[in-house]
Amino acid sequence: MSGASFAIRARLASGKPFVFPWLGMPGAVHAGQIARLGFDAVAIDLQHGTVDNGEAARMVAAINAAGSPAVIRVLWNDPGLIGFALDMGAAAVIAPMINSLDQAKALVKSAKYPPAGQRSWGGYTMLQAAGVTAGEYLKEANSQTMIFAMIETNEALGLVDEIAAVKGLDGLFVGPSDLSIALSNGKAIDRLGKGTLEAMKKVAAACKANGLCAGAFAGTADGIKAYTEIGFQFMAGPTDLELLRGGAAEFQKSVASK
Ligand code: 3PY
Ligand code: MG
């Protein structure tokens with residue numbers, strides 16, 4: 001699995017920020033076009049996006065065909081959904097709302113083949129993405145695909161050292177919108193707030209202590225800079241909707257100014 005579709009670990013080894021846009025709108029055309037822009041990967045959000053499974057498969061294929069790894073944030077921590085994402089050829093899977101040790105262990109069980117877990121064999125799209133035989137994929141999948149547990153609640157933050165120590169996890173991924181809502185007791189979404197950043201430092205420290213990759217939804221270039229400074233490396237940039245709206249707003253402004 002030395003192809004571009006599974007090049008996440010190799011790129012992370014450079015120590016540089018690893019940045020990827022976050023697609024929530026269905027469409028293999030825009031996914032493929034964005035994958036050609038030189039980001040480290042392209043993510044598809046199956047939790048809050050409007051992408052169905054068939055479209056997700058076509059989007060992963062388009063992203064991979066453009067020479068980029070695909071990341072999938074699954075709808076929930078469910079063995080079927082996690083297996084589907086990996087079978088489609090995702091090189092990394094992010095699972096939302098991991099709030100207990102049991103949930104973290106279940107995530108690993110769904111995502112890794114025995115003996116590390118109980119991922120179910122099948123699908124074959126991933127063989128095409130990886131450009132390998134079934135035997136080669138089986139040998140390398142556990143080490144080459146990356147599994148991230150999302151830390152985005154007070155419970156998860158309280159248990160972050162224990163969750164980070166769960167064998168088989170490859171990284172933690174902060175959802176700073178949900179985390180800031182939890183920290184403010186439902187009052188605010190504050191992705192760059194002081195309290196959010198302090199909490200995120202704990203997540204980065206837990207990752208460092210356990211050899212995990214520290215990830216987060218950063219959303220903007222300022223977010224990527226701020227999170228890099230506190231120890232994060234694997235970071236999502238804006239959503240496709242925000243990029244589209246931003247481009248349209250700029251066009252509208254330039255037309256209005258003529
Ligand atoms: C969050 O910020 O809560 C996320 O899940 C990222 O979209
Ligand atoms: Mg969230």
# chains A, B, ... in the order shown; residues from 1 in each chain; ligands from 1
call {"tool": "residues_near_ligand", "arguments": {"ligand": "ligand 1", "cutoff": "12 Å", "atoms": "only C-alpha atoms and all ligand atoms", "output": "MDAnalysis selection string"}}
result
chainID A and resid 21:24 43:49 72:76 94:98 149:153 173:183 189:192 196 200 215:219 223 235:239
call {"tool": "residues_around", "arguments": {"residues": "Ala4 of chain A", "least_positions_apart": "4", "cutoff": "8 Å", "atoms": "only C-alpha atoms", "output": "list in words"}}
result
Asn64, Gly67, Ser68 and Pro69 of chain A
call {"tool": "residues_around", "arguments": {"residues": "Trp121 of chain A", "least_positions_apart": "2", "cutoff": "9 Å", "atoms": "only C-alpha atoms", "output": "list in words"}}
result
Gly83, Asp87, Tyr113, Arg119, Gly123, Tyr124 and Leu138 of chain A
call {"tool": "closest_residue", "arguments": {"among": "A:Asp170, A:Lys139, A:Gly158, A:Val71", "to": "Val108 of chain A", "atoms": "only C-alpha atoms"}}
result
A:Asp170
call {"tool": "select_by_dssp", "arguments": {"residues": "segment 162-232 of chain A", "states": "strand (DSSP E)", "output": "number ranges by chain"}}
result
A: 171-174, 213-217
call {"tool": "write_last_selection", "arguments": {"atoms": "all heavy atoms", "output": "CSV table (one decimal), in the first residue's frame"}}
result
chain,number,residue,atom,x,y,z
A,171,GLY,N,-5.2,7.9,16.5
A,171,GLY,CA,-5.2,9.4,16.8
A,171,GLY,C,-6.5,9.8,17.5
A,171,GLY,O,-7.5,9.0,17.6
A,172,LEU,N,-6.5,11.0,18.1
A,172,LEU,CA,-7.7,11.6,18.6
A,172,LEU,C,-8.0,12.8,17.7
A,172,LEU,O,-7.1,13.4,17.1
A,172,LEU,CB,-7.4,12.1,20.1
A,172,LEU,CG,-7.0,11.0,21.1
A,172,LEU,CD1,-6.9,11.6,22.5
A,172,LEU,CD2,-8.0,9.8,21.1
A,173,PHE,N,-9.3,13.1,17.6
A,173,PHE,CA,-9.7,14.2,16.7
A,173,PHE,C,-10.7,15.1,17.5
A,173,PHE,O,-11.7,14.6,17.8
A,173,PHE,CB,-10.3,13.7,15.5
A,173,PHE,CG,-10.5,14.6,14.3
A,173,PHE,CD1,-9.5,14.9,13.4
A,173,PHE,CD2,-11.7,15.3,14.2
A,173,PHE,CE1,-9.6,15.8,12.4
A,173,PHE,CE2,-11.9,16.2,13.2
A,173,PHE,CZ,-10.8,16.5,12.2
A,174,VAL,N,-10.3,16.3,17.7
A,174,VAL,CA,-11.2,17.2,18.5
A,174,VAL,C,-12.2,17.8,17.6
A,174,VAL,O,-11.9,18.3,16.5
A,174,VAL,CB,-10.4,18.3,19.2
A,174,VAL,CG1,-11.3,19.3,19.8
A,174,VAL,CG2,-9.4,17.8,20.2
A,213,CYS,N,-1.6,10.5,16.8
A,213,CYS,CA,-1.6,11.7,16.0
A,213,CYS,C,-2.7,12.6,16.6
A,213,CYS,O,-3.8,12.1,16.9
A,213,CYS,CB,-2.0,11.3,14.6
A,213,CYS,SG,-2.2,12.7,13.5
A,214,ALA,N,-2.4,13.9,16.8
A,214,ALA,CA,-3.4,14.8,17.3
A,214,ALA,C,-4.1,15.5,16.1
A,214,ALA,O,-3.5,16.2,15.3
A,214,ALA,CB,-2.7,15.9,18.2
A,215,GLY,N,-5.4,15.4,16.1
A,215,GLY,CA,-6.2,16.0,15.0
A,215,GLY,C,-7.3,16.8,15.5
A,215,GLY,O,-7.7,16.7,16.7
A,216,ALA,N,-7.8,17.7,14.6
A,216,ALA,CA,-8.9,18.6,15.0
A,216,ALA,C,-9.6,19.2,13.8
A,216,ALA,O,-8.9,19.3,12.7
A,216,ALA,CB,-8.5,19.7,15.9
A,217,PHE,N,-10.9,19.5,13.9
A,217,PHE,CA,-11.5,20.3,12.9
A,217,PHE,C,-11.1,21.8,13.1
A,217,PHE,O,-11.6,22.4,14.1
A,217,PHE,CB,-13.1,20.1,12.9
A,217,PHE,CG,-13.8,20.9,11.9
A,217,PHE,CD1,-14.0,20.3,10.6
A,217,PHE,CD2,-14.2,22.2,12.1
A,217,PHE,CE1,-14.6,21.1,9.6
A,217,PHE,CE2,-14.8,22.9,11.1
A,217,PHE,CZ,-15.0,22.4,9.9
call {"tool": "residues_around", "arguments": {"residues": "Ala199 of chain A", "least_positions_apart": "4", "cutoff": "8 Å", "atoms": "only C-alpha atoms", "output": "compact mmCIF listing (two decimals) with C-alpha atoms, in the first residue's frame"}}
result
# COMPACT_ATOMS: atom_id res chain seq x y z
CA LEU A 157 -12.20 15.27 27.98
CA GLY A 195 -11.15 27.60 27.40
CA VAL A 203 -5.88 16.32 24.16
call {"tool": "atom_distance", "arguments": {"atom1": "atom CA of Ile230 of chain A", "atom2": "atom CA of Phe6 of chain A"}}
result
26.5 Å
call {"tool": "atom_distance", "arguments": {"atom1": "atom CA of Gly89 of chain A", "atom2": "atom CA of Ala70 of chain A"}}
result
7.3 Å
call {"tool": "closest_residue", "arguments": {"among": "A:Leu169, A:Leu127, A:Ala7, A:Ile63", "to": "Ala111 of chain A", "atoms": "only C-alpha atoms"}}
result
A:Leu169
call {"tool": "closest_residue", "arguments": {"among": "A:Ala61, A:Ala226, A:Ala164, A:Ala134", "to": "Ala85 of chain A", "atoms": "only C-alpha atoms"}}
result
A:Ala61
call {"tool": "residues_around", "arguments": {"residues": "Ala205 of chain A", "least_positions_apart": "4", "cutoff": "8 Å", "atoms": "only C-alpha atoms", "output": "list in words"}}
result
Lys201, Ala209 and Gly231 of chain A
call {"tool": "atom_distance", "arguments": {"atom1": "atom CA of Ala57 of chain A", "atom2": "atom CA of Gly27 of chain A"}}
result
10.3 Å
